[in-house]
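See structure below.
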Amino acid sequence: MRRRSLLLAAVPAGLVTLAACGDDKSASSKASAAPSGSASSVPPPKIVEGPLPAITAGTKFDEKPTVAKGSGDPSKDLAVKTVIAGGGKAVAENDFIQADYLGQIWSTAKVFDQSYDRTPLLMQLAQGSIIDGWRYALAGKKVGSRVLMAVPPTWGYGTAGNSQAGIKGTDTLVFVVDVLNSFNSKSSSTGKAVAQSDSALPKVGTNTDGKAPSIDIPKAAPPKKLVSNYVLEGDGAEVTSSQTVLCQFKGEVWDSGKVFEQTYDSGRLAQFALAQMQEVVKGLAQGITGKKVGSRLLLVVPPDLAYGNNPPSGGVVKKGSTLVFSVDILAAM
């Protein structure tokens, strides 16, 4: 079982789920924006250039690094250095980033967590979602950058530390972070267009400007089995049923063409575990499984794999509704 990162302070903010879908107007209001952790009350740090220990091996971007023990006393401020400057887009507060990282204790060089031997971490740079040291150190850095930082307790785990990881409340933490990608509410699929030639199925727009794609539903009976087709085919890894995905989506009801929920224009992205989505809309989870990251999908979900005879109350989804989704798979973890 994959170990949960010690860096995550709480469930990412901006989480959107389909557990209580209503009409399009109410969808954004039902998206939880509050992380389960308490908000930080500490002031922003002063960012300084050092001191910082040296990276002694694994010096290339996204190569597992070895970092020396800290020399002398660490700064009481947040020390940050861009070791490798990337050429991608700049990361902003509340963006999701995908990153590999290694974390160790300044005084002992003991590594307490790292992702290079696992899957890259996918998290949001938002207050309450991640330790504050990361929020401040990575804001403004570009995708493709390697960032070295030393985080005092104030912007790390505080005076309580993290006993599970062997971190005391007085420990300054050293991190190497390789920023692999970033995503925000304007992100779209990066895949190549695939022909949509079946006239019996909806046609999905291929725009990649972050705006909601059109969904043109034919005036015909919906298919009785799950449909999962590429609209834009990405070149990433295939998603597995045990993963969590980050995506943009739009959902419509086949019979009425009404939107019942979407991330577009909400200022949010959707992040959910496919195993949990199996308990909500099975067809959505099953349709994403096995598809490539970076793709846009057309999903047609029959009632028995959607809400069946138990739709959310007060919305446009009725008993026996077939649902149509456009889903952009931005990342998976």
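Naming scheme: A, B, ... for chains in displayed order of the structure tokens; residues 1 onward per chain; ligands 1 onward as shown.
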I'd like a table as a Markdown table: residues in range 226-262 of chain A with an atom no more than 10 Å from range 195-207 of chain A, each row giving the shortest atom pair and its distance in Å to one decimal, only C-alpha atoms counted, sorted by chain and rising residue number.
| residue | atom | partner | partner_atom | distance |
| --- | --- | --- | --- | --- |
| A:Val227 | CA | A:Leu201 | CA | 8.9 |
| A:Asn229 | CA | A:Gln196 | CA | 8.8 |
| A:Tyr230 | CA | A:Gln196 | CA | 8.6 |
| A:Val231 | CA | A:Val204 | CA | 6.9 |
| A:Leu232 | CA | A:Thr206 | CA | 7.0 |
| A:Trp254 | CA | A:Pro202 | CA | 9.0 |
Residues of range 220-254 of chain A that have any atom at most 8 Å from an atom of range 300-317 of chain A: could you tabulate them with the shortest-distance atom pair and the distance in Å to one decimal, using only C-alpha atoms, ordered by chain and increasing number, as CSV?
residue,atom,partner,partner_atom,distance
A:Pro222,CA,A:Pro302,CA,7.9
A:Pro223,CA,A:Pro302,CA,7.2
A:Lys224,CA,A:Pro302,CA,5.8
A:Lys225,CA,A:Pro302,CA,6.1
A:Leu226,CA,A:Val301,CA,5.2
A:Val227,CA,A:Val300,CA,4.9
A:Ser228,CA,A:Val300,CA,6.8
A:Val253,CA,A:Val317,CA,6.5
Write out, as CSV, each residue of range 258-322 of chain A that has an atom at most 9 Å from range 234-245 of chain A, together with the closest pair of atoms and their distance in Å to one decimal, counting only C-alpha atoms, rows going by chain and rising number.
residue,atom,partner,partner_atom,distance
A:Ala270,CA,A:Val245,CA,8.0
A:Gln271,CA,A:Val245,CA,5.6
A:Phe272,CA,A:Thr244,CA,5.4
A:Ala273,CA,A:Thr244,CA,4.0
A:Leu274,CA,A:Ser241,CA,5.8
A:Ala275,CA,A:Ser242,CA,6.2
A:Ala285,CA,A:Ser241,CA,7.6
A:Gln286,CA,A:Ser241,CA,7.8
A:Ile288,CA,A:Val239,CA,7.0
A:Thr289,CA,A:Val239,CA,5.2
A:Gly290,CA,A:Val239,CA,5.0
A:Lys291,CA,A:Glu238,CA,5.0
A:Lys292,CA,A:Glu238,CA,4.2
A:Val293,CA,A:Gly236,CA,4.4
A:Gly294,CA,A:Gly234,CA,4.2
A:Ser295,CA,A:Gly234,CA,4.2
A:Arg296,CA,A:Gly234,CA,7.7
Can you spit out the residues from that selection as a PDB file, in the first residue's frame, using N, CA and C atoms?
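Output file out.pdb is given in full below:
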ATOM      1  N   ALA A 270     -11.427  19.114  -9.863  1.00  0.00           N
ATOM      2  CA  ALA A 270     -11.944  17.953  -9.140  1.00  0.00           C
ATOM      3  C   ALA A 270     -10.802  17.003  -8.840  1.00  0.00           C
ATOM      4  N   GLN A 271     -10.733  16.532  -7.608  1.00  0.00           N
ATOM      5  CA  GLN A 271      -9.757  15.526  -7.217  1.00  0.00           C
ATOM      6  C   GLN A 271     -10.497  14.453  -6.430  1.00  0.00           C
ATOM      7  N   PHE A 272     -10.401  13.201  -6.896  1.00  0.00           N
ATOM      8  CA  PHE A 272     -11.096  12.129  -6.178  1.00  0.00           C
ATOM      9  C   PHE A 272     -10.396  10.800  -6.403  1.00  0.00           C
ATOM     10  N   ALA A 273     -10.522   9.942  -5.417  1.00  0.00           N
ATOM     11  CA  ALA A 273     -10.002   8.583  -5.523  1.00  0.00           C
ATOM     12  C   ALA A 273     -10.996   7.753  -6.318  1.00  0.00           C
ATOM     13  N   LEU A 274     -10.521   7.002  -7.286  1.00  0.00           N
ATOM     14  CA  LEU A 274     -11.425   6.194  -8.101  1.00  0.00           C
ATOM     15  C   LEU A 274     -12.128   5.133  -7.270  1.00  0.00           C
ATOM     16  N   ALA A 275     -11.450   4.626  -6.257  1.00  0.00           N
ATOM     17  CA  ALA A 275     -12.078   3.630  -5.384  1.00  0.00           C
ATOM     18  C   ALA A 275     -13.276   4.220  -4.656  1.00  0.00           C
ATOM     19  N   ALA A 285     -15.901   6.182 -12.474  1.00  0.00           N
ATOM     20  CA  ALA A 285     -14.656   5.528 -12.057  1.00  0.00           C
ATOM     21  C   ALA A 285     -14.205   4.495 -13.075  1.00  0.00           C
ATOM     22  N   GLN A 286     -15.141   3.678 -13.549  1.00  0.00           N
ATOM     23  CA  GLN A 286     -14.794   2.621 -14.503  1.00  0.00           C
ATOM     24  C   GLN A 286     -14.363   3.197 -15.856  1.00  0.00           C
ATOM     25  N   ILE A 288     -12.838   6.067 -16.428  1.00  0.00           N
ATOM     26  CA  ILE A 288     -11.527   6.716 -16.351  1.00  0.00           C
ATOM     27  C   ILE A 288     -10.417   5.679 -16.227  1.00  0.00           C
ATOM     28  N   THR A 289     -10.698   4.576 -15.525  1.00  0.00           N
ATOM     29  CA  THR A 289      -9.689   3.533 -15.315  1.00  0.00           C
ATOM     30  C   THR A 289      -9.192   2.983 -16.654  1.00  0.00           C
ATOM     31  N   GLY A 290      -7.893   2.927 -16.796  1.00  0.00           N
ATOM     32  CA  GLY A 290      -7.292   2.405 -18.016  1.00  0.00           C
ATOM     33  C   GLY A 290      -7.040   3.442 -19.090  1.00  0.00           C
ATOM     34  N   LYS A 291      -7.515   4.665 -18.889  1.00  0.00           N
ATOM     35  CA  LYS A 291      -7.287   5.732 -19.869  1.00  0.00           C
ATOM     36  C   LYS A 291      -6.016   6.509 -19.515  1.00  0.00           C
ATOM     37  N   LYS A 292      -5.455   7.173 -20.509  1.00  0.00           N
ATOM     38  CA  LYS A 292      -4.157   7.840 -20.347  1.00  0.00           C
ATOM     39  C   LYS A 292      -4.296   9.233 -19.738  1.00  0.00           C
ATOM     40  N   VAL A 293      -3.373   9.549 -18.843  1.00  0.00           N
ATOM     41  CA  VAL A 293      -3.294  10.896 -18.289  1.00  0.00           C
ATOM     42  C   VAL A 293      -3.023  11.883 -19.426  1.00  0.00           C
ATOM     43  N   GLY A 294      -3.678  13.038 -19.372  1.00  0.00           N
ATOM     44  CA  GLY A 294      -3.556  14.040 -20.419  1.00  0.00           C
ATOM     45  C   GLY A 294      -4.665  13.972 -21.437  1.00  0.00           C
ATOM     46  N   SER A 295      -5.605  13.042 -21.248  1.00  0.00           N
ATOM     47  CA  SER A 295      -6.672  12.821 -22.227  1.00  0.00           C
ATOM     48  C   SER A 295      -7.966  13.538 -21.856  1.00  0.00           C
ATOM     49  N   ARG A 296      -8.796  13.762 -22.875  1.00  0.00           N
ATOM     50  CA  ARG A 296     -10.200  14.156 -22.674  1.00  0.00           C
ATOM     51  C   ARG A 296     -11.052  12.973 -23.096  1.00  0.00           C
TER      52      ARG A 296
END
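Neighbouring residues of range 50-63 of chain A at 7 Å or closer, counting only C-alpha atoms and skipping chain neighbours under 5 positions away, are Ala68, Lys69, Gly70, Ser71, Pro74, Ser75, Ala79, Val80, Asp100, Arg146, Ala150 and Asp178 of chain A.
The shortest atom-to-atom distance to Trp134 in chain A, with only C-alpha atoms taken into account, belongs to A:Ile47 out of A:Ile47, A:Ala165, A:Ala193, A:Ala85.
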